[in-house]
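Containing compact mmCIF, C-alpha atoms: run_37.txt.
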```txt
# COMPACT_ATOMS: atom_id res chain seq x y z
CA MET A 1 -81.87 11.68 -138.55
CA GLU A 2 -85.49 12.07 -137.42
CA GLU A 3 -86.28 13.89 -134.19
CA VAL A 4 -88.90 11.33 -133.15
CA LEU A 5 -90.01 8.11 -134.86
CA ILE A 6 -93.49 6.75 -134.11
CA ILE A 7 -94.51 3.31 -135.33
CA GLY A 8 -98.26 2.77 -135.47
CA GLY A 9 -100.97 5.03 -136.85
CA GLY A 10 -103.87 4.19 -134.56
CA ILE A 11 -105.36 6.94 -132.42
CA SER A 12 -102.56 6.63 -129.83
CA GLY A 13 -99.83 7.15 -132.40
CA LEU A 14 -101.66 9.92 -134.23
CA ALA A 15 -102.53 11.82 -131.06
CA THR A 16 -98.97 11.46 -129.78
CA ALA A 17 -97.58 12.80 -133.05
CA TYR A 18 -100.01 15.72 -133.01
CA PHE A 19 -99.34 16.75 -129.42
CA LEU A 20 -95.58 16.40 -129.86
CA ARG A 21 -95.69 18.64 -132.89
CA GLU A 22 -97.64 21.19 -130.87
CA ARG A 23 -94.69 21.15 -128.43
CA GLY A 24 -92.27 21.97 -131.24
CA TRP A 25 -91.07 18.49 -132.17
CA SER A 26 -90.98 17.06 -135.70
CA PRO A 27 -92.25 13.47 -135.43
CA LEU A 28 -92.40 11.00 -138.30
CA LEU A 29 -95.15 8.39 -138.01
CA LEU A 30 -94.94 5.11 -139.95
CA GLU A 31 -98.10 3.03 -140.45
CA ALA A 32 -98.32 -0.39 -142.09
CA ALA A 33 -101.89 -0.08 -143.39
CA ALA A 34 -103.06 1.93 -146.38
CA THR A 35 -105.04 4.30 -144.16
CA PRO A 36 -104.42 5.52 -140.61
CA GLY A 37 -106.73 4.93 -137.68
CA GLY A 38 -106.24 1.30 -136.66
CA ASN A 39 -109.63 -0.11 -135.68
CA LEU A 40 -111.32 3.27 -136.10
CA GLN A 41 -112.92 2.42 -139.42
CA SER A 42 -116.25 3.56 -140.86
CA ARG A 43 -118.09 2.46 -144.00
CA ARG A 44 -121.11 3.88 -145.84
CA GLU A 45 -122.87 1.27 -147.98
CA ASP A 46 -126.41 0.94 -149.35
CA GLY A 47 -127.55 3.85 -147.23
CA PHE A 48 -126.14 2.40 -143.98
CA LEU A 49 -123.27 3.99 -142.05
CA ARG A 50 -121.44 1.55 -139.79
CA ASP A 51 -118.38 1.66 -137.57
CA LEU A 52 -116.27 -1.49 -137.73
CA GLY A 53 -114.60 -0.97 -134.35
CA PRO A 54 -115.44 1.55 -131.61
CA ASN A 55 -118.82 3.21 -132.11
CA SER A 56 -118.70 6.33 -129.95
CA LEU A 57 -116.44 8.78 -128.16
CA MET A 58 -117.10 9.99 -124.63
CA LEU A 59 -116.29 13.67 -124.18
CA LYS A 60 -115.34 14.51 -120.62
CA GLY A 61 -112.80 16.69 -118.92
CA ARG A 62 -110.82 19.26 -120.87
CA ILE A 63 -108.27 17.60 -123.15
CA VAL A 64 -110.43 15.75 -125.68
CA PRO A 65 -113.01 18.55 -126.21
CA GLU A 66 -110.23 21.11 -126.67
CA TRP A 67 -108.49 18.81 -129.14
CA LEU A 68 -111.63 18.47 -131.25
CA ARG A 69 -111.96 22.26 -131.29
CA ALA A 70 -108.31 22.60 -132.36
CA LEU A 71 -108.96 20.08 -135.14
CA ARG A 72 -112.02 22.12 -136.20
CA LEU A 73 -114.21 19.06 -135.88
CA GLU A 74 -116.99 20.61 -133.82
CA SER A 75 -119.20 21.12 -136.88
CA ALA A 76 -118.84 17.43 -137.80
CA ILE A 77 -119.92 16.20 -134.35
CA VAL A 78 -123.22 14.39 -133.95
CA GLU A 79 -124.61 14.08 -130.45
CA ALA A 80 -126.00 10.81 -129.19
CA ASN A 81 -129.76 10.55 -129.00
CA PRO A 82 -130.97 11.38 -125.45
CA LEU A 83 -132.51 7.90 -125.51
CA ALA A 84 -128.93 6.56 -125.27
CA LYS A 85 -129.18 7.07 -121.52
CA ARG A 86 -131.50 4.05 -121.47
CA ARG A 87 -129.56 0.77 -121.45
CA TYR A 88 -131.27 -2.59 -121.73
CA ILE A 89 -130.13 -5.82 -120.17
CA LEU A 90 -131.58 -9.28 -120.65
CA ASN A 91 -133.15 -10.75 -117.50
CA ARG A 92 -133.61 -14.37 -116.47
CA HIS A 93 -136.93 -14.51 -118.35
CA ARG A 94 -135.18 -13.46 -121.57
CA GLN A 95 -136.85 -10.07 -121.48
CA PRO A 96 -134.90 -6.87 -122.25
CA VAL A 97 -135.19 -4.69 -119.15
CA ALA A 98 -134.27 -1.00 -119.12
CA LEU A 99 -131.74 -0.36 -116.36
CA GLY A 100 -132.71 2.12 -113.69
CA PRO A 101 -134.04 2.29 -110.13
CA GLY A 102 -137.30 0.66 -111.19
CA ALA A 103 -135.56 -2.37 -112.67
CA LEU A 104 -133.08 -2.71 -109.82
CA LEU A 105 -135.56 -2.31 -106.96
CA GLY A 106 -138.75 -3.52 -108.62
CA GLY A 107 -137.79 -7.14 -109.06
CA ARG A 108 -137.51 -7.32 -112.85
CA LEU A 109 -133.79 -8.04 -112.70
CA LEU A 110 -132.78 -9.01 -109.16
CA SER A 111 -134.52 -11.19 -106.59
CA LEU A 112 -135.55 -9.75 -103.21
CA ARG A 113 -132.42 -11.24 -101.69
CA GLY A 114 -130.28 -9.72 -104.44
CA ARG A 115 -131.89 -6.30 -103.95
CA LEU A 116 -131.34 -6.38 -100.20
CA ARG A 117 -127.72 -7.35 -100.74
CA LEU A 118 -127.30 -4.45 -103.14
CA LEU A 119 -128.78 -2.00 -100.65
CA GLY A 120 -126.42 -3.31 -97.98
CA GLU A 121 -123.30 -2.24 -99.89
CA PRO A 122 -122.42 0.71 -97.59
CA PHE A 123 -122.23 -1.67 -94.64
CA GLN A 124 -119.70 -4.06 -96.20
CA ALA A 125 -116.16 -3.86 -94.85
CA ARG A 126 -113.50 -2.59 -97.21
CA ARG A 127 -110.81 -4.97 -98.43
CA THR A 128 -107.61 -4.99 -96.42
CA ALA A 129 -105.58 -7.51 -98.44
CA ASP A 130 -102.90 -6.36 -100.84
CA GLY A 131 -102.51 -7.49 -104.43
CA ALA A 132 -104.73 -7.67 -107.47
CA GLU A 133 -108.41 -8.43 -107.09
CA SER A 134 -110.66 -9.55 -109.92
CA ILE A 135 -113.68 -7.53 -110.92
CA ALA A 136 -115.82 -10.54 -110.02
CA GLY A 137 -114.27 -10.79 -106.57
CA PHE A 138 -114.67 -7.07 -105.94
CA VAL A 139 -118.32 -6.95 -107.04
CA ARG A 140 -119.27 -10.16 -105.26
CA ARG A 141 -117.73 -8.83 -102.06
CA ARG A 142 -119.36 -5.40 -102.22
CA LEU A 143 -122.64 -6.00 -104.09
CA GLY A 144 -123.31 -9.73 -104.06
CA ASN A 145 -123.55 -12.57 -106.57
CA GLU A 146 -126.71 -11.40 -108.33
CA ALA A 147 -125.33 -7.94 -109.03
CA LEU A 148 -122.28 -9.61 -110.54
CA THR A 149 -124.30 -12.01 -112.70
CA TRP A 150 -126.99 -9.63 -113.97
CA LEU A 151 -125.29 -6.23 -113.93
CA VAL A 152 -121.52 -6.23 -113.93
CA ASP A 153 -120.52 -9.39 -115.79
CA PRO A 154 -122.59 -8.48 -118.88
CA PHE A 155 -121.10 -4.98 -118.78
CA VAL A 156 -117.56 -6.39 -118.64
CA SER A 157 -118.16 -8.89 -121.44
CA GLY A 158 -120.02 -6.36 -123.59
CA VAL A 159 -117.66 -3.40 -123.17
CA PHE A 160 -114.28 -5.09 -122.65
CA ALA A 161 -115.03 -8.48 -124.27
CA GLY A 162 -113.60 -9.82 -121.01
CA ASP A 163 -114.17 -12.24 -118.17
CA SER A 164 -114.84 -10.50 -114.86
CA ALA A 165 -113.22 -13.39 -112.99
CA ARG A 166 -109.92 -12.81 -114.83
CA LEU A 167 -109.73 -9.03 -115.16
CA SER A 168 -108.13 -6.87 -112.49
CA VAL A 169 -110.48 -4.30 -111.01
CA GLN A 170 -107.53 -2.03 -110.17
CA ALA A 171 -106.32 -2.07 -113.79
CA THR A 172 -109.60 -2.30 -115.73
CA LEU A 173 -111.91 -0.18 -113.55
CA PRO A 174 -109.53 1.92 -111.44
CA ARG A 175 -112.18 4.55 -110.69
CA LEU A 176 -114.45 1.88 -109.21
CA ALA A 177 -111.66 0.53 -107.01
CA ALA A 178 -110.85 4.10 -105.94
CA LEU A 179 -114.40 4.67 -104.67
CA GLU A 180 -113.97 1.95 -102.05
CA ARG A 181 -110.42 2.97 -101.24
CA GLU A 182 -111.28 6.62 -100.71
CA GLY A 183 -114.79 6.35 -99.28
CA GLY A 184 -114.86 2.99 -97.57
CA SER A 185 -117.82 2.00 -99.74
CA LEU A 186 -118.95 2.61 -103.31
CA LEU A 187 -121.85 4.80 -102.21
CA ARG A 188 -119.79 7.00 -99.90
CA GLY A 189 -116.97 7.15 -102.43
CA ALA A 190 -119.38 8.25 -105.17
CA TRP A 191 -120.84 10.91 -102.87
CA ARG A 192 -117.39 12.30 -102.08
CA ALA A 193 -116.44 12.30 -105.76
CA ARG A 194 -119.63 14.20 -106.56
CA LYS A 195 -118.81 16.82 -103.92
CA ARG A 196 -115.32 17.27 -105.39
CA LYS A 197 -116.66 17.88 -108.88
CA THR A 198 -115.71 21.33 -110.13
CA PRO A 199 -118.74 23.66 -110.24
CA GLY A 200 -119.63 24.57 -113.80
CA ALA A 201 -117.66 21.67 -115.30
CA ALA A 202 -118.92 20.62 -118.73
CA ALA A 203 -121.32 17.69 -118.76
CA THR A 204 -120.14 14.39 -120.19
CA ARG A 205 -121.24 13.95 -123.79
CA LEU A 206 -121.42 10.88 -126.01
CA ILE A 207 -120.64 11.73 -129.63
CA SER A 208 -119.67 10.50 -133.05
CA PHE A 209 -119.21 12.30 -136.38
CA ARG A 210 -121.45 12.66 -139.43
CA ASP A 211 -119.32 10.18 -141.38
CA GLY A 212 -118.47 7.89 -138.45
CA LEU A 213 -115.58 7.76 -136.01
CA GLN A 214 -112.97 7.31 -138.75
CA THR A 215 -113.39 11.04 -139.31
CA LEU A 216 -111.14 11.62 -136.30
CA PRO A 217 -107.97 9.75 -137.39
CA LEU A 218 -108.35 10.92 -140.99
CA THR A 219 -108.55 14.54 -139.82
CA VAL A 220 -105.51 14.17 -137.57
CA ALA A 221 -103.49 12.49 -140.33
CA ASN A 222 -104.48 15.23 -142.77
CA ARG A 223 -103.33 17.85 -140.27
CA LEU A 224 -99.99 16.04 -139.84
CA GLY A 225 -99.51 15.85 -143.60
CA ASP A 226 -96.21 14.37 -144.77
CA SER A 227 -95.37 13.45 -141.17
CA VAL A 228 -97.58 10.35 -141.65
CA ARG A 229 -96.47 7.65 -144.07
CA CYS A 230 -98.86 4.77 -144.67
CA ASN A 231 -98.17 1.47 -146.46
CA THR A 232 -94.96 1.26 -144.45
CA PRO A 233 -94.77 -2.04 -142.55
CA ILE A 234 -91.70 -2.25 -140.34
CA ASP A 235 -89.43 -5.22 -141.00
CA GLN A 236 -86.69 -4.66 -138.45
CA LEU A 237 -85.56 -2.61 -135.48
CA SER A 238 -81.97 -2.19 -134.41
CA TYR A 239 -80.13 -0.06 -131.88
CA ASP A 240 -76.54 1.07 -132.02
CA ASP A 241 -74.56 3.78 -130.28
CA GLY A 242 -77.61 5.63 -128.95
CA VAL A 243 -79.56 5.55 -132.21
CA TRP A 244 -82.60 3.47 -133.24
CA GLN A 245 -82.79 2.31 -136.83
CA VAL A 246 -86.11 1.28 -138.40
CA ARG A 247 -86.30 -0.57 -141.71
CA SER A 248 -89.21 -1.04 -144.12
CA GLY A 249 -88.17 -2.78 -147.31
CA ASP A 250 -85.38 -0.75 -148.86
CA SER A 251 -86.11 2.31 -146.71
CA ALA A 252 -84.57 3.08 -143.35
CA TRP A 253 -84.91 5.83 -140.74
CA ARG A 254 -82.80 6.72 -137.73
CA SER A 255 -83.67 8.53 -134.51
CA LYS A 256 -82.64 8.75 -130.88
CA ARG A 257 -86.32 8.54 -129.87
CA LEU A 258 -88.62 5.67 -130.85
CA ILE A 259 -92.27 5.40 -129.78
CA LEU A 260 -94.04 2.09 -130.40
CA ALA A 261 -97.76 2.87 -130.66
CA LEU A 262 -98.64 -0.70 -131.50
CA PRO A 263 -100.64 -3.60 -130.07
CA ALA A 264 -98.55 -5.28 -127.40
CA GLY A 265 -97.86 -8.41 -129.41
CA ALA A 266 -96.73 -6.46 -132.47
CA ALA A 267 -94.39 -4.38 -130.31
CA GLY A 268 -93.04 -7.58 -128.77
CA ASP A 269 -92.38 -9.11 -132.18
CA LEU A 270 -90.28 -6.11 -133.24
CA LEU A 271 -88.34 -6.05 -129.99
CA ALA A 272 -87.75 -9.81 -129.69
CA PRO A 273 -84.29 -9.77 -131.37
CA LEU A 274 -83.17 -7.06 -128.91
CA ASP A 275 -84.79 -8.15 -125.64
CA THR A 276 -86.55 -11.52 -125.37
CA THR A 277 -87.71 -10.86 -121.79
CA LEU A 278 -89.39 -7.59 -122.72
CA ALA A 279 -90.90 -9.22 -125.81
CA GLU A 280 -92.33 -12.11 -123.80
CA ASP A 281 -94.11 -9.77 -121.39
CA LEU A 282 -95.56 -7.75 -124.26
CA ARG A 283 -96.69 -10.86 -126.11
CA SER A 284 -98.33 -12.26 -122.99
CA ILE A 285 -101.00 -9.54 -122.88
CA PRO A 286 -104.17 -11.32 -124.08
CA TYR A 287 -106.28 -9.99 -126.94
CA PRO A 288 -109.39 -12.16 -127.60
CA PRO A 289 -111.07 -12.09 -131.02
CA VAL A 290 -114.34 -10.19 -131.46
CA GLY A 291 -116.75 -10.01 -134.38
CA THR A 292 -118.59 -6.75 -135.14
CA LEU A 293 -121.79 -7.68 -136.97
CA SER A 294 -123.97 -5.12 -138.77
CA LEU A 295 -127.63 -6.01 -139.37
CA GLY A 296 -129.89 -3.73 -141.41
CA LEU A 297 -133.63 -4.38 -141.20
CA ARG A 298 -136.89 -2.75 -142.18
CA ARG A 299 -138.38 -1.04 -139.16
CA THR A 300 -141.47 -3.20 -139.44
CA GLN A 301 -139.32 -6.31 -138.97
CA VAL A 302 -138.42 -5.35 -135.38
CA GLN A 303 -141.05 -5.31 -132.63
CA HIS A 304 -138.81 -3.82 -129.94
CA PRO A 305 -139.02 0.00 -129.82
CA LEU A 306 -135.19 0.23 -129.93
CA ASP A 307 -135.51 3.21 -127.63
CA GLY A 308 -132.09 3.09 -126.04
CA PHE A 309 -128.35 2.61 -126.41
CA GLY A 310 -128.58 -1.14 -126.83
CA MET A 311 -128.91 -4.42 -124.96
CA LEU A 312 -126.35 -6.43 -122.98
CA ILE A 313 -126.68 -10.18 -122.58
CA PRO A 314 -125.50 -11.83 -119.34
CA ARG A 315 -123.15 -14.77 -119.92
CA VAL A 316 -125.30 -16.93 -117.65
CA MET A 317 -127.94 -16.99 -120.41
CA GLY A 318 -125.70 -19.29 -122.46
CA LEU A 319 -125.84 -17.16 -125.63
CA GLU A 320 -122.79 -16.34 -127.70
CA THR A 321 -123.82 -12.78 -128.56
CA LEU A 322 -122.34 -10.30 -126.07
CA GLY A 323 -124.74 -7.48 -126.80
CA VAL A 324 -126.41 -5.34 -129.45
CA LEU A 325 -126.15 -1.61 -130.15
CA PHE A 326 -129.22 0.13 -131.53
CA SER A 327 -126.94 2.04 -133.90
CA SER A 328 -129.60 3.92 -135.88
CA THR A 329 -131.19 5.07 -132.63
CA LEU A 330 -127.88 6.09 -131.10
CA PHE A 331 -126.83 8.45 -133.90
CA PRO A 332 -128.78 9.98 -136.80
CA GLU A 333 -128.57 8.93 -140.46
CA ARG A 334 -127.11 5.49 -139.79
CA ALA A 335 -129.85 3.74 -141.82
CA PRO A 336 -132.15 4.60 -144.75
CA ALA A 337 -135.66 5.88 -144.05
CA ASN A 338 -137.94 3.30 -142.43
CA GLN A 339 -135.00 0.99 -141.75
CA VAL A 340 -132.82 0.36 -138.70
CA LEU A 341 -129.22 -0.65 -138.11
CA LEU A 342 -128.23 -2.98 -135.28
CA THR A 343 -124.62 -3.79 -134.37
CA ALA A 344 -124.09 -7.08 -132.57
CA PHE A 345 -120.87 -8.27 -130.94
CA ILE A 346 -119.74 -11.83 -130.53
CA GLY A 347 -116.57 -13.44 -129.19
CA GLY A 348 -114.40 -12.19 -126.39
CA SER A 349 -112.43 -14.07 -123.78
CA GLN A 350 -115.44 -16.11 -122.65
CA ASN A 351 -116.41 -17.30 -126.13
CA ASP A 352 -113.68 -18.35 -128.55
CA ILE A 353 -114.69 -17.61 -132.16
CA GLY A 354 -111.32 -18.49 -133.65
CA GLY A 355 -111.64 -20.11 -137.07
CA ARG A 356 -115.31 -19.21 -137.58
CA ASP A 357 -116.30 -17.26 -140.68
CA ALA A 358 -118.44 -14.17 -140.99
CA SER A 359 -121.56 -15.93 -142.28
CA ASP A 360 -121.54 -18.31 -139.31
CA LEU A 361 -121.25 -15.46 -136.81
CA LEU A 362 -123.96 -13.40 -138.53
CA GLU A 363 -126.29 -16.38 -138.55
CA THR A 364 -125.60 -17.08 -134.86
CA ALA A 365 -126.20 -13.51 -133.76
CA LEU A 366 -129.41 -13.16 -135.77
CA ARG A 367 -130.75 -16.46 -134.43
CA GLU A 368 -130.03 -15.44 -130.85
CA ILE A 369 -131.27 -11.86 -130.83
CA SER A 370 -134.36 -12.34 -133.04
CA PRO A 371 -136.61 -13.71 -130.27
CA LEU A 372 -135.25 -11.16 -127.81
CA LEU A 373 -136.03 -8.10 -129.96
CA GLY A 374 -138.94 -9.53 -131.93
CA ILE A 375 -137.11 -9.67 -135.26
CA SER A 376 -138.86 -11.40 -138.16
CA GLY A 377 -137.49 -12.25 -141.57
CA ALA A 378 -134.05 -11.88 -143.09
CA PRO A 379 -132.03 -8.66 -142.84
CA VAL A 380 -131.87 -6.42 -145.89
CA PHE A 381 -128.21 -5.66 -145.15
CA THR A 382 -125.47 -7.64 -143.39
CA ARG A 383 -121.77 -7.04 -142.94
CA ALA A 384 -119.19 -8.44 -140.55
CA ARG A 385 -115.72 -7.51 -139.42
CA ILE A 386 -113.76 -10.03 -137.37
CA TRP A 387 -110.95 -8.63 -135.26
CA PRO A 388 -108.60 -11.56 -134.48
CA ARG A 389 -106.97 -9.56 -131.67
CA ALA A 390 -109.52 -7.02 -130.50
CA ILE A 391 -109.30 -5.51 -127.00
CA PRO A 392 -106.31 -5.94 -124.65
CA GLN A 393 -107.30 -7.63 -121.40
CA TYR A 394 -106.06 -6.06 -118.17
CA ASP A 395 -105.90 -9.36 -116.31
CA LEU A 396 -104.81 -10.05 -112.73
CA GLU A 397 -101.14 -9.91 -113.73
CA HIS A 398 -101.50 -6.77 -115.82
CA LEU A 399 -100.20 -4.11 -113.44
CA ASP A 400 -97.21 -6.22 -112.41
CA ARG A 401 -96.57 -7.00 -116.06
CA VAL A 402 -96.66 -3.32 -117.02
CA ARG A 403 -94.22 -2.52 -114.19
CA ARG A 404 -91.84 -5.18 -115.53
CA ILE A 405 -92.22 -3.78 -119.05
CA ASP A 406 -91.39 -0.28 -117.82
CA THR A 407 -88.34 -1.59 -115.96
CA ARG A 408 -87.05 -3.40 -119.05
CA ARG A 409 -87.88 -0.44 -121.29
CA ALA A 410 -85.66 1.79 -119.16
CA ARG A 411 -82.70 -0.37 -120.24
CA HIS A 412 -83.24 0.81 -123.83
CA PRO A 413 -82.59 4.57 -124.01
CA GLY A 414 -84.99 6.44 -126.24
CA LEU A 415 -87.64 3.68 -126.35
CA TYR A 416 -91.24 4.49 -125.36
CA PHE A 417 -94.69 2.88 -125.60
CA ARG A 418 -98.01 4.56 -126.24
CA ALA A 419 -101.03 2.27 -126.86
CA ASN A 420 -104.29 1.07 -125.35
CA TRP A 421 -102.69 -1.96 -123.67
CA ARG A 422 -101.80 0.40 -120.85
CA ASP A 423 -103.54 3.29 -119.05
CA GLY A 424 -107.04 2.57 -120.41
CA VAL A 425 -108.57 0.97 -123.50
CA ALA A 426 -111.19 3.67 -124.19
CA LEU A 427 -110.69 6.06 -127.08
CA GLY A 428 -110.74 9.08 -124.78
CA ASP A 429 -108.17 7.46 -122.47
CA CYS A 430 -105.79 6.95 -125.41
CA ILE A 431 -106.07 10.61 -126.39
CA GLU A 432 -105.61 11.91 -122.85
CA GLN A 433 -102.61 9.66 -122.24
CA ALA A 434 -101.01 10.79 -125.50
CA TYR A 435 -101.39 14.38 -124.36
CA GLN A 436 -99.93 13.68 -120.92
CA PHE A 437 -97.04 11.80 -122.51
CA SER A 438 -96.23 14.73 -124.78
CA GLN A 439 -96.09 17.07 -121.79
CA GLY A 440 -93.58 14.97 -119.89
CA GLU A 441 -89.95 15.95 -119.54
CA ASP A 442 -88.33 12.60 -118.78
CA TRP A 443 -88.63 11.12 -122.27
CA ARG A 444 -86.72 14.03 -123.84
CA HIS A 445 -83.34 12.81 -122.59
```
Would it be possible to restate this file's structure as structure tokens?
Amino acid sequence: MEEVLIIGGGISGLATAYFLRERGWSPLLLEAAATPGGNLQSRREDGFLRDLGPNSLMLKGRIVPEWLRALRLESAIVEANPLAKRRYILNRHRQPVALGPGALLGGRLLSLRGRLRLLGEPFQARRTADGAESIAGFVRRRLGNEALTWLVDPFVSGVFAGDSARLSVQATLPRLAALEREGGSLLRGAWRARKRKTPGAAATRLISFRDGLQTLPLTVANRLGDSVRCNTPIDQLSYDDGVWQVRSGDSAWRSKRLILALPAGAAGDLLAPLDTTLAEDLRSIPYPPVGTLSLGLRRTQVQHPLDGFGMLIPRVMGLETLGVLFSSTLFPERAPANQVLLTAFIGGSQNDIGGRDASDLLETALREISPLLGISGAPVFTRARIWPRAIPQYDLEHLDRVRRIDTRRARHPGLYFRANWRDGVALGDCIEQAYQFSQGEDWRH
């Protein structure tokens, strides 16, 4: 009998296993793939280092930095280029514009009417209605249509692969919603939050590792040792007399505590024979496909200075590409000398790429971004990774759905969930939530 069984070796499952072991538990983690880490995958080929999923980790607060120190990963950290503070966005004239006060107030991105509406945000009444509000509705109400079209919608599609009209602001951007709730306006809320900031608190840092982000899950799995078993796809779950049984081929494990650290649909598939209602809610969480496209070019092939984090593309421009990271600018040694690496993203909930192959997506992205960045000629290096179910979407029903899932879960003693379909999709959120989960007392019984 195992003390704790964890199914799923992405960062949520690995972090949960690590923090539980620090509390004195002996978890066993089962992962279907040959290597742990989920979509945290890195590849070094032909002198290029690329991440196939997430590209960076935001260090803030206490938990994640302390964890990296405990893992002895500080020496492997690479800091983002200071130029990463500059973010480009495509304007109506198809020109990449660096975001900042000059772009917002100088007319390169918003019209005079749009700028005046933006400046009038503190004078807008706060929302009094109950219930979920979309990001689009929230931004349109507080900042106006132009701010939504040229600032927020490209951010939502580029970061979350989502549709701002369908995502819940309370679920997806809870800190933004809290600014209005606590301050009456975004500006006053931000000012109050700034005043509450602890003096001497460490600055937020954007990092990766010398060999890419996959360094993190590989290090955690190595630390956990035999507690992680890969190549172990789960065929069946069953529950009897207070004990969960998990089967993989001819092997079986039993435990009173089962943590599903899986994508929502995969968790629903396993639970369907036991609870169809719970399974339906889990399966209903949308995950649109996204393609991660790596383009290596000679530096002389690109006219744009690439002096920033990357470029977002508003959906109103009618292009399929969501945005481009300037990967070799962002972190060092991502491309050979005198060459650059760009990472483009395509797909998401506003652009269905189902059924399209890698060559088609690479060709589309290159055709679309070439005139925007001044790219000439064919890339010297191309790779693509298509994620059929990429980022969970916290839609307008999400918070109610999660409450229903928690209610149904409580009917199954010893069952718990830990994954990015709840409590934040960012890598740092997953780690922090795993830590908080491990500290709780309620799940022990």
Using all atoms listed in the file, can you list as a list in words the residues within 12 Å of (-140.9, -6.5, -140.3)?
->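 Those residues, ordered by chain and then number, are Gly296, Leu297, Arg298, Arg299, Thr300, Gln301, Val302, Gln303, His304, Asn338, Gln339, Val340, Ser370, Leu373, Gly374, Ile375, Ser376, Gly377, Ala378, Pro379 and Val380 of chain A.
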Can you write out as CSV which residues of range 6-58 of chain A fall within 8 Å of range 260-277 of chain A, alongside each residue's closest atom pair and its distance in Å to one decimal, counting all atoms listed in the file and ordering rows by chain and ascending residue number?
```
residue,atom,partner,partner_atom,distance
A:Ile6,CA,A:Leu260,CA,6.0
A:Ile7,CA,A:Leu260,CA,5.1
A:Gly8,CA,A:Ala261,CA,4.8
A:Gly9,CA,A:Ala261,CA,7.3
A:Gly10,CA,A:Ala261,CA,7.4
A:Ser12,CA,A:Ala261,CA,6.2
A:Gly13,CA,A:Ala261,CA,5.1
```
May I have the selected residues written with C-alpha atoms, as a PDB file, in the frame of the given file?
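Saved the output as selection23.pdb:
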```pdb
ATOM      1  CA  ILE A   6     -93.490   6.750-134.110  1.00  0.00           C
ATOM      2  CA  ILE A   7     -94.510   3.310-135.330  1.00  0.00           C
ATOM      3  CA  GLY A   8     -98.260   2.770-135.470  1.00  0.00           C
ATOM      4  CA  GLY A   9    -100.970   5.030-136.850  1.00  0.00           C
ATOM      5  CA  GLY A  10    -103.870   4.190-134.560  1.00  0.00           C
ATOM      6  CA  SER A  12    -102.560   6.630-129.830  1.00  0.00           C
ATOM      7  CA  GLY A  13     -99.830   7.150-132.400  1.00  0.00           C
TER       8      GLY A  13
END
```
Give me, please, the distance in Å between CA of Leu105 in chain A and CA of Ala80 in chain A, quoted to one decimal.
->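 Going from CA of Leu105 in chain A over to CA of Ala80 in chain A covers 27.5 Å.
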Contacts of range 176-189 of chain A at 8 Å or less, counting all atoms listed in the file, minus same-chain residues fewer than 5 places along, as a PyMOL selection string?
-> chain A and resi 121-126+142+169-170
Go ahead and write the selection's residues with C-alpha atoms as a compact mmCIF listing (two decimals), in the frame of the given file.
```txt
# COMPACT_ATOMS: atom_id res chain seq x y z
CA GLU A 121 -123.30 -2.24 -99.89
CA PRO A 122 -122.42 0.71 -97.59
CA PHE A 123 -122.23 -1.67 -94.64
CA GLN A 124 -119.70 -4.06 -96.20
CA ALA A 125 -116.16 -3.86 -94.85
CA ARG A 126 -113.50 -2.59 -97.21
CA ARG A 142 -119.36 -5.40 -102.22
CA VAL A 169 -110.48 -4.30 -111.01
CA GLN A 170 -107.53 -2.03 -110.17
```
Residue nearest Ala390 in chain A among A:Trp150, A:Tyr287, A:Phe326, A:Phe48 (counting only C-alpha atoms) =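 For Ala390 in chain A, the nearest of the given residues is A:Tyr287.
Between CA of Arg383 in chain A and CA of Ser294 in chain A the separation is 5.1 Å.
Using all atoms listed in the file, the shortest contact distance between Val156 in chain A and any of A:Arg257, A:Arg404, A:Arg315, A:Arg356 is found at A:Arg315.
With only C-alpha atoms as the atoms that count, the minimum distance from Arg127 in chain A to the choices A:Arg141, A:Thr321, A:Ser248, A:Leu213 is reached by A:Arg141.
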Counting all atoms listed in the file, the residue of A:Val290, A:Leu104, A:Val139, A:Ala337 that sits nearest Ile353 in chain A = A:Val290
In terms of all atoms listed in the file, the residue from A:Pro289, A:Gly106, A:Pro154, A:Gly100 at minimal distance from Ser349 in chain A is A:Pro289
Would you mind reading off the distance between CA of Pro413 in chain A and CA of Arg401 in chain A, one decimal, in Å?
->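 Between CA of Pro413 in chain A and CA of Arg401 in chain A the gap works out to 19.8 Å.
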Would you mind listing what lies within 10 Å of Leu49 in chain A as a VMD selection string, with only C-alpha atoms counted and same-chain residues fewer than 6 positions away left out?
-> chain A and resid 42 to 43 210 to 212 294 327 to 328 331 to 336 341
Ala165 in chain A surroundings by all atoms listed in the file, 8 Å radius, close-in-sequence under 3 positions cut, as number ranges by chain | A: 134-137
Would you list the contacts of Phe155 in chain A as a PyMOL selection string, taking every protein, DNA or RNA residue within 12 Å and counting only C-alpha atoms, but skipping same-chain residues closer than 2 positions in sequence?
-> chain A and resi 87-90+99+135-136+147-153+157-164+173+310-315+322-324
